[in-house]
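Below is the file query23.cif, which contains mmCIF, C-alpha atoms.
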```
data_run
loop_
_atom_site.label_atom_id
_atom_site.label_comp_id
_atom_site.auth_asym_id
_atom_site.auth_seq_id
_atom_site.Cartn_x
_atom_site.Cartn_y
_atom_site.Cartn_z
CA TYR J 1 8.04 6.72 -15.13
CA GLY J 2 7.13 7.52 -11.56
CA GLY J 3 4.56 10.21 -11.92
CA GLY J 4 6.15 13.56 -12.79
CA GLU J 5 2.98 14.40 -14.71
CA GLY J 6 0.65 12.09 -12.85
CA ARG J 7 1.47 9.18 -15.11
CA ILE J 8 1.27 5.68 -13.76
CA GLU J 9 4.40 3.63 -13.20
CA THR J 10 4.22 -0.01 -14.22
CA PRO J 11 7.77 -1.48 -14.33
CA GLY J 12 9.42 -2.12 -11.00
CA ILE J 13 6.33 -2.79 -8.93
CA ASP J 14 7.37 -6.44 -8.72
CA PHE J 15 9.50 -5.66 -5.65
CA ILE J 16 6.40 -5.12 -3.52
CA LEU J 17 4.46 -8.27 -4.25
CA PRO J 18 6.80 -11.00 -2.94
CA TYR J 19 7.06 -9.31 0.46
CA TRP J 20 3.42 -9.24 1.49
CA MET J 21 2.77 -12.67 -0.01
CA GLU J 22 4.82 -14.36 2.71
CA ARG J 23 4.71 -11.87 5.51
CA PHE J 24 3.54 -12.92 8.95
CA TYR J 25 2.62 -10.55 11.77
CA GLY J 26 3.01 -13.26 14.38
CA GLY J 27 0.90 -15.74 16.29
CA PHE J 28 -1.96 -17.95 15.17
CA GLN J 29 -4.82 -15.78 16.40
CA VAL J 30 -7.42 -15.66 13.65
CA SER J 31 -7.57 -12.14 12.21
CA VAL J 32 -8.23 -10.21 9.00
CA VAL J 33 -6.07 -7.15 8.36
CA SER J 34 -4.83 -4.90 5.59
CA ALA J 35 -2.07 -6.64 3.65
CA ALA J 36 -0.09 -3.39 3.53
CA SER J 37 -0.26 -2.05 7.07
CA GLY J 38 -1.58 -4.85 9.27
CA ALA J 39 -4.35 -2.53 10.46
CA ALA J 40 -7.85 -3.86 11.08
CA ALA J 41 -9.53 -1.41 8.68
CA ILE J 42 -10.15 -2.90 5.22
CA ALA J 43 -12.13 -1.58 2.27
CA PRO J 44 -13.85 -3.02 -0.79
CA ASP J 45 -11.45 -3.72 -3.67
CA SER J 46 -8.46 -3.75 -1.32
CA ILE J 47 -5.88 -6.44 -0.55
CA ALA J 48 -6.40 -8.14 2.82
CA THR J 49 -4.68 -10.91 4.74
CA LEU J 50 -6.34 -13.64 6.81
CA TYR J 51 -4.16 -15.19 9.51
CA GLY J 52 -4.89 -18.33 11.50
CA PRO J 53 -4.57 -22.12 11.59
CA ASP J 54 -6.48 -24.57 9.38
CA LEU J 55 -6.98 -22.15 6.49
CA GLY J 56 -7.89 -23.34 3.01
CA PRO J 57 -7.06 -22.26 -0.55
CA ARG J 58 -10.41 -20.46 -0.95
CA VAL J 59 -11.93 -17.41 0.74
CA THR J 60 -15.66 -16.70 0.82
CA ILE J 61 -17.00 -13.36 2.03
CA THR J 62 -20.59 -12.82 3.15
CA ASP J 63 -21.53 -9.16 3.59
CA ARG J 64 -24.17 -7.59 5.85
CA LEU J 65 -26.81 -8.05 3.15
CA GLY J 66 -26.24 -11.80 3.23
CA VAL J 67 -24.59 -11.90 -0.21
CA ALA J 68 -21.77 -14.48 -0.40
CA ARG J 69 -18.93 -14.05 -2.88
CA ASP J 70 -15.70 -15.92 -3.53
CA ALA J 71 -12.70 -13.63 -3.12
CA ARG J 72 -9.76 -13.71 -5.48
CA VAL J 73 -6.86 -15.39 -3.67
CA PHE J 74 -3.32 -14.17 -4.37
CA TYR J 75 -1.48 -16.45 -1.96
CA ALA J 76 -2.49 -19.33 0.29
CA GLY J 77 -0.01 -20.86 2.71
CA ALA J 78 0.25 -22.28 6.20
CA GLY J 79 -1.37 -19.76 8.52
CA GLN J 80 -1.90 -17.03 5.91
CA VAL J 81 -4.12 -16.25 2.92
CA ASN J 82 -3.91 -12.99 0.95
CA PHE J 83 -7.04 -12.07 -0.96
CA LEU J 84 -8.93 -9.29 -2.72
CA VAL J 85 -12.03 -7.98 -0.96
CA PRO J 86 -14.72 -8.03 -3.68
CA SER J 87 -15.56 -4.53 -4.90
CA GLU J 88 -19.30 -5.21 -4.52
CA THR J 89 -19.03 -5.98 -0.79
CA ALA J 90 -21.57 -3.93 1.18
CA LEU J 91 -20.14 -1.73 3.93
CA GLY J 92 -20.55 -2.95 7.48
CA ALA J 93 -20.20 -6.36 9.09
CA MET J 94 -18.91 -9.23 6.98
CA THR J 95 -17.94 -12.84 7.56
CA VAL J 96 -14.74 -14.27 6.08
CA VAL J 97 -14.52 -18.05 5.70
CA SER J 98 -11.49 -20.09 4.66
CA GLY J 99 -10.92 -23.77 5.44
CA MET J 100 -12.00 -24.48 9.01
CA GLN J 101 -12.00 -20.82 10.01
CA SER J 102 -14.79 -18.24 10.07
CA ILE J 103 -14.28 -14.72 11.39
CA GLN J 104 -16.48 -11.66 11.57
CA THR J 105 -15.00 -8.29 10.76
CA GLU J 106 -16.07 -5.00 9.25
CA VAL J 107 -15.52 -3.40 5.86
CA VAL J 108 -15.34 0.41 5.62
CA GLY J 109 -15.56 2.83 2.73
CA ASP J 110 -11.85 3.59 2.59
CA ALA J 111 -8.88 2.29 4.55
CA PRO J 112 -5.63 3.99 3.45
CA ALA J 113 -2.64 1.69 3.92
CA LEU J 114 0.89 1.94 2.54
CA PHE J 115 3.36 -0.81 1.72
CA SER J 116 6.82 -0.49 3.26
CA ALA J 117 9.98 -1.82 1.67
CA ASP J 118 10.50 -4.44 4.39
CA ALA J 119 6.78 -5.44 4.40
CA SER J 120 6.39 -4.55 8.08
CA GLY J 121 4.05 -1.63 7.43
CA ARG J 122 6.72 0.63 8.99
CA GLY J 123 10.07 2.03 7.93
CA VAL J 124 11.03 3.22 4.46
CA ALA J 125 8.23 3.40 1.91
CA ALA J 126 7.94 0.84 -0.87
CA ALA J 127 8.23 3.52 -3.50
CA ILE J 128 10.04 4.57 -6.65
CA ALA J 129 11.15 8.06 -7.62
CA VAL J 130 12.33 10.10 -10.60
CA GLN J 131 13.98 13.50 -10.85
CA ALA J 132 14.20 15.94 -13.74
CA MET J 133 17.78 16.14 -15.00
CA PRO J 134 19.35 17.99 -17.96
CA ALA J 135 19.42 14.76 -19.99
CA GLY J 136 15.83 13.90 -19.04
CA PRO J 137 14.03 12.21 -16.14
CA ALA J 138 16.30 9.90 -14.13
CA ALA J 139 15.35 7.15 -11.70
CA VAL J 140 16.30 7.84 -8.07
CA PRO J 141 16.63 4.93 -5.61
CA VAL J 142 14.42 5.29 -2.55
CA PHE J 143 15.71 2.38 -0.44
CA ALA J 144 18.23 -0.44 -0.27
CA CYS J 145 17.53 -3.81 1.35
CA SER J 146 19.85 -6.42 2.82
CA ARG J 147 18.94 -9.77 4.36
CA GLU J 148 18.47 -8.04 7.71
CA ASN J 149 16.65 -4.79 6.91
CA CYS J 150 15.78 -2.04 4.46
CA SER J 151 17.27 1.45 4.72
CA ALA J 152 16.11 4.74 3.25
CA LEU J 153 18.39 6.34 0.65
CA PRO J 154 18.63 10.15 0.42
CA LEU J 155 16.47 11.98 -2.11
CA THR J 156 18.49 15.06 -3.09
CA VAL J 157 15.91 17.74 -3.82
CA GLU J 158 17.16 20.85 -5.63
CA THR J 159 15.58 24.07 -6.82
CA GLN J 160 14.03 23.47 -10.25
CA ARG J 161 14.66 19.74 -9.75
CA PRO J 162 11.90 18.34 -7.57
CA VAL J 163 11.66 14.61 -6.93
CA HIS J 164 8.49 12.81 -8.01
CA VAL J 165 7.65 9.77 -5.89
CA SER J 166 5.21 6.94 -6.60
CA LEU J 167 3.84 5.36 -3.41
CA TYR J 168 2.02 2.02 -3.34
CA GLY J 169 -0.73 0.91 -1.04
CA THR J 170 -4.25 -0.47 -0.87
CA GLY J 171 -7.64 0.69 0.39
CA LEU J 172 -7.05 4.16 -1.08
CA ARG J 173 -9.02 4.22 -4.32
CA ASN J 174 -12.45 4.94 -2.88
CA ALA J 175 -11.13 8.24 -1.47
CA ALA J 176 -8.78 9.09 -4.37
CA ASN J 177 -10.29 12.54 -4.97
CA SER J 178 -9.87 13.70 -1.38
CA LEU J 179 -6.57 12.16 -0.28
CA ARG J 180 -4.00 14.29 1.49
CA VAL J 181 -0.31 13.39 1.76
CA SER J 182 2.06 14.83 4.35
CA LEU J 183 5.82 14.42 4.77
CA GLY J 184 7.24 15.52 8.09
CA GLY J 185 3.90 17.22 8.74
CA GLU J 186 4.13 19.29 5.54
CA PRO J 187 1.56 18.77 2.74
CA LEU J 188 2.77 17.37 -0.58
CA PRO J 189 1.11 18.03 -3.96
CA VAL J 190 -0.81 14.94 -5.07
CA LEU J 191 -0.38 14.44 -8.82
CA PHE J 192 -2.29 11.19 -9.14
CA ALA J 193 -4.21 8.84 -6.85
CA GLY J 194 -6.07 5.73 -7.91
CA PRO J 195 -5.91 2.07 -8.87
CA HIS J 196 -2.78 0.62 -10.42
CA PRO J 197 -3.66 -0.49 -13.97
CA GLU J 198 -2.12 -3.96 -13.75
CA PHE J 199 -2.36 -5.34 -10.21
CA ALA J 200 -5.78 -5.99 -8.68
CA GLY J 201 -6.31 -4.16 -5.40
CA LEU J 202 -3.04 -2.23 -5.62
CA ASP J 203 -3.31 1.56 -5.41
CA GLN J 204 -0.79 4.21 -6.39
CA VAL J 205 -0.28 7.79 -5.25
CA ASN J 206 2.16 10.10 -7.05
CA VAL J 207 3.51 13.13 -5.16
CA ARG J 208 6.08 15.87 -5.71
CA ILE J 209 8.78 16.80 -3.19
CA ASP J 210 10.11 20.32 -3.66
CA ALA J 211 13.35 21.92 -2.50
CA SER J 212 11.67 23.43 0.58
CA LEU J 213 11.73 19.96 2.17
CA GLY J 214 15.35 19.21 1.29
CA GLN J 215 18.02 18.30 3.86
CA ARG J 216 15.55 17.55 6.65
CA GLY J 217 16.54 13.95 7.20
CA GLU J 218 14.26 10.93 7.50
CA LEU J 219 10.63 12.00 7.73
CA ASP J 220 7.30 10.30 8.32
CA LEU J 221 4.92 10.14 5.36
CA VAL J 222 1.19 9.64 5.91
CA ILE J 223 -1.79 9.52 3.55
CA SER J 224 -5.14 10.65 4.94
CA SER J 225 -8.73 10.57 3.79
CA SER J 226 -11.64 12.37 5.41
CA GLU J 227 -12.25 9.31 7.59
CA ARG J 228 -8.85 7.90 8.60
CA SER J 229 -5.08 7.98 8.09
CA SER J 230 -2.66 5.37 6.82
CA ASN J 231 0.22 3.79 8.63
CA SER J 232 3.35 5.94 8.69
CA VAL J 233 6.23 5.13 6.34
CA ARG J 234 9.44 7.08 5.88
CA LEU J 235 11.45 8.93 3.21
CA LEU J 236 14.93 10.43 3.55
CA VAL J 237 15.26 13.96 2.13
#
```

Target encoding structure tokens, full file:
Amino acid sequence: YGGGEGRIETPGIDFILPYWMERFYGGFQVSVVSAASGAAAIAPDSIATLYGPDLGPRVTITDRLGVARDARVFYAGAGQVNFLVPSETALGAMTVVSGMQSIQTEVVGDAPALFSADASGRGVAAAIAVQAMPAGPAAVPVFACSRENCSALPLTVETQRPVHVSLYGTGLRNAANSLRVSLGGEPLPVLFAGPHPEFAGLDQVNVRIDASLGQRGELDLVISSSERSSNSVRLLV
């Protein structure tokens, strides 16, 4: 289940993947960004998105040492290719080539980025939650989506019944031992942070929300490393 003891959640992650596969931030300016947040910072072994016209089904990355590698492609469509930045990519300048396009960008050591339920990189977190109940751990819905939008659902936190939340992102794993998570500016205990065991490039962070944060409404959640912070997503408590 979703991380009450730092365990890794596997079922249910399917809801994240279709969103970023066909998301489009707008325009045909050639750019490489994080597939989760749309930010320019990307890290080795993270999921990135290349936008632009005349893209092809393959992506080749040449790092600052001049080493060229084919990237694993998750999705290739008109104007968008989602790919995995090879884990061996040297930090610094790199060139990304796909089809008729070539763009220079930079790869950094870590680039925390969180998926949101509506794939915008904002709004309610793409997350799952469980809560300890007398009959055993029970799943708690975090959001509900319609055709128009996704809304946060309340997490009812009670004394002796904290809510454990599994957050999903990318670019986090290289700073897993030093990540900090805040909700409404308050630190949350991090129970697990690291790669998801099934999906390449996908990272997971499990946190606990205690009763002290209950009944505060919709709050911003941010994950930070020593170098940079993620995009802000939201939870309703």

Shell of 12 Å around Gly185 in chain J, only C-alpha atoms, local chain residues under 3 positions omitted, as an mmCIF file with C-alpha atoms, in the frame of the given file:
```cif
data_model
loop_
_atom_site.group_PDB
_atom_site.id
_atom_site.type_symbol
_atom_site.label_atom_id
_atom_site.label_comp_id
_atom_site.auth_asym_id
_atom_site.auth_seq_id
_atom_site.Cartn_x
_atom_site.Cartn_y
_atom_site.Cartn_z
ATOM 1 C CA ARG J 180 -4.000 14.290 1.490
ATOM 2 C CA VAL J 181 -0.310 13.390 1.760
ATOM 3 C CA SER J 182 2.060 14.830 4.350
ATOM 4 C CA LEU J 188 2.770 17.370 -0.580
ATOM 5 C CA LEU J 213 11.730 19.960 2.170
ATOM 6 C CA ARG J 216 15.550 17.550 6.650
ATOM 7 C CA LEU J 219 10.630 12.000 7.730
ATOM 8 C CA ASP J 220 7.300 10.300 8.320
ATOM 9 C CA LEU J 221 4.920 10.140 5.360
ATOM 10 C CA VAL J 222 1.190 9.640 5.910
ATOM 11 C CA ILE J 223 -1.790 9.520 3.550
ATOM 12 C CA SER J 224 -5.140 10.650 4.940
ATOM 13 C CA SER J 232 3.350 5.940 8.690
ATOM 14 C CA ARG J 234 9.440 7.080 5.880
#
```

Review point. What does the distance between CA of Asn206 in chain J and CA of Pro189 in chain J come to in Å, to one decimal place?
Key: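 It comes out at 8.6 Å.
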
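When CA of Val142 in chain J is paired with CA of Leu114 in chain J, their separation reads 14.8 Å.
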
**Study point:** Separation of CA of Ala111 in chain J from CA of Ser87 in chain J in Å
**Key:** 13.4 Å

When the PyMOL selection byres ((chain J and resi 149) around 12) is applied to the structure above, which residues does it catch, written out as a PDB file with C-alpha atoms, keeping the file's coordinate frame?
```pdb
ATOM      1  CA  SER J 116       6.820  -0.490   3.260  1.00  0.00           C
ATOM      2  CA  ALA J 117       9.980  -1.820   1.670  1.00  0.00           C
ATOM      3  CA  ASP J 118      10.500  -4.440   4.390  1.00  0.00           C
ATOM      4  CA  ALA J 119       6.780  -5.440   4.400  1.00  0.00           C
ATOM      5  CA  SER J 120       6.390  -4.550   8.080  1.00  0.00           C
ATOM      6  CA  ARG J 122       6.720   0.630   8.990  1.00  0.00           C
ATOM      7  CA  GLY J 123      10.070   2.030   7.930  1.00  0.00           C
ATOM      8  CA  VAL J 124      11.030   3.220   4.460  1.00  0.00           C
ATOM      9  CA  PHE J 143      15.710   2.380  -0.440  1.00  0.00           C
ATOM     10  CA  ALA J 144      18.230  -0.440  -0.270  1.00  0.00           C
ATOM     11  CA  CYS J 145      17.530  -3.810   1.350  1.00  0.00           C
ATOM     12  CA  SER J 146      19.850  -6.420   2.820  1.00  0.00           C
ATOM     13  CA  ARG J 147      18.940  -9.770   4.360  1.00  0.00           C
ATOM     14  CA  GLU J 148      18.470  -8.040   7.710  1.00  0.00           C
ATOM     15  CA  CYS J 150      15.780  -2.040   4.460  1.00  0.00           C
ATOM     16  CA  SER J 151      17.270   1.450   4.720  1.00  0.00           C
ATOM     17  CA  ALA J 152      16.110   4.740   3.250  1.00  0.00           C
TER      18      ALA J 152
END
```

Enclose the full set of atoms of range 46-63 of chain J listed in the file within a box whose edges lie along x, y and z, apply 6 Å of padding to each of the six sides, and report centre and edge lengths in Å to one decimal as lines of an AutoDock Vina configuration file.
```
center_x = -12.8
center_y = -14.2
center_z = 5.1
size_x = 29.4
size_y = 32.8
size_z = 24.9
```

Exercise for review: Just say which residues the PyMOL selection byres ((chain J and resi 163) around 10) picks in this file, as a ChimeraX atom specification.
Suggested key: /J:2-4,129-132,137-140,155-158,160-162,164-165,207-211,237

Exactly which residues make up the result of the PyMOL selection byres ((chain J and resi 89) around 9) on this file, given as a compact mmCIF listing (two decimals) with C-alpha atoms, in the frame of the given file?
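selection19.txt, written as the output of this step:
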```
# COMPACT_ATOMS: atom_id res chain seq x y z
CA ALA J 43 -12.13 -1.58 2.27
CA PRO J 44 -13.85 -3.02 -0.79
CA ASP J 45 -11.45 -3.72 -3.67
CA ILE J 61 -17.00 -13.36 2.03
CA THR J 62 -20.59 -12.82 3.15
CA ASP J 63 -21.53 -9.16 3.59
CA ARG J 64 -24.17 -7.59 5.85
CA LEU J 65 -26.81 -8.05 3.15
CA VAL J 67 -24.59 -11.90 -0.21
CA ALA J 68 -21.77 -14.48 -0.40
CA ARG J 69 -18.93 -14.05 -2.88
CA VAL J 85 -12.03 -7.98 -0.96
CA PRO J 86 -14.72 -8.03 -3.68
CA SER J 87 -15.56 -4.53 -4.90
CA GLU J 88 -19.30 -5.21 -4.52
CA ALA J 90 -21.57 -3.93 1.18
CA LEU J 91 -20.14 -1.73 3.93
CA GLY J 92 -20.55 -2.95 7.48
CA MET J 94 -18.91 -9.23 6.98
CA VAL J 107 -15.52 -3.40 5.86
```

Quick one: which range 140-236 of chain J residues come within 12 Å of range 48-56 of chain J, and what is the nearest atom pair for each with the distance in Å to one decimal, counting only C-alpha atoms, rows ordered by chain and ascending number, as JSON lines?
```
{"residue": "J:Gly169", "atom": "CA", "partner": "J:Ala48", "partner_atom": "CA", "distance": 11.4}
{"residue": "J:Thr170", "atom": "CA", "partner": "J:Ala48", "partner_atom": "CA", "distance": 8.8}
{"residue": "J:Gly171", "atom": "CA", "partner": "J:Ala48", "partner_atom": "CA", "distance": 9.2}
{"residue": "J:Ala200", "atom": "CA", "partner": "J:Ala48", "partner_atom": "CA", "distance": 11.7}
{"residue": "J:Gly201", "atom": "CA", "partner": "J:Ala48", "partner_atom": "CA", "distance": 9.1}
{"residue": "J:Leu202", "atom": "CA", "partner": "J:Ala48", "partner_atom": "CA", "distance": 10.8}
```

Point to revise | Option closest in space to Gly184 in chain J, from J:Gly99, J:Gly217, J:Gly79, J:Pro154 [counting all atoms listed in the file] | key: J:Gly217

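Proximity ranking of J:Pro134, J:Gly38, J:Pro187, J:Pro141 relative to Gly121 in chain J places J:Gly38 first, based on all atoms listed in the file.
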
Exercise for review: Considering all atoms listed in the file, state which residue in the set J:Ala113, J:Met100, J:Val32, J:Val108 is at the smallest distance from Val81 in chain J.
Suggested key: J:Val32

Review point. Looking at J:Leu172, J:Val30, J:Val205, J:Ala125, which one is nearest to Gln80 in chain J, with distances taken over all atoms listed in the file?
Key: J:Val30

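Take the candidates J:Ile128, J:Val33, J:Pro57, J:Gly136 and check each one against Val97 in chain J using all atoms listed in the file; the shortest distance goes to J:Pro57.
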
Check your understanding: Quick one: of J:Asn174, J:Thr159, J:Asn231, J:Thr105, who's nearest to Ser212 in chain J, counting all atoms listed in the file?
Key ->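 When distances to Ser212 in chain J are compared using all atoms listed in the file, the smallest one comes from J:Thr159.
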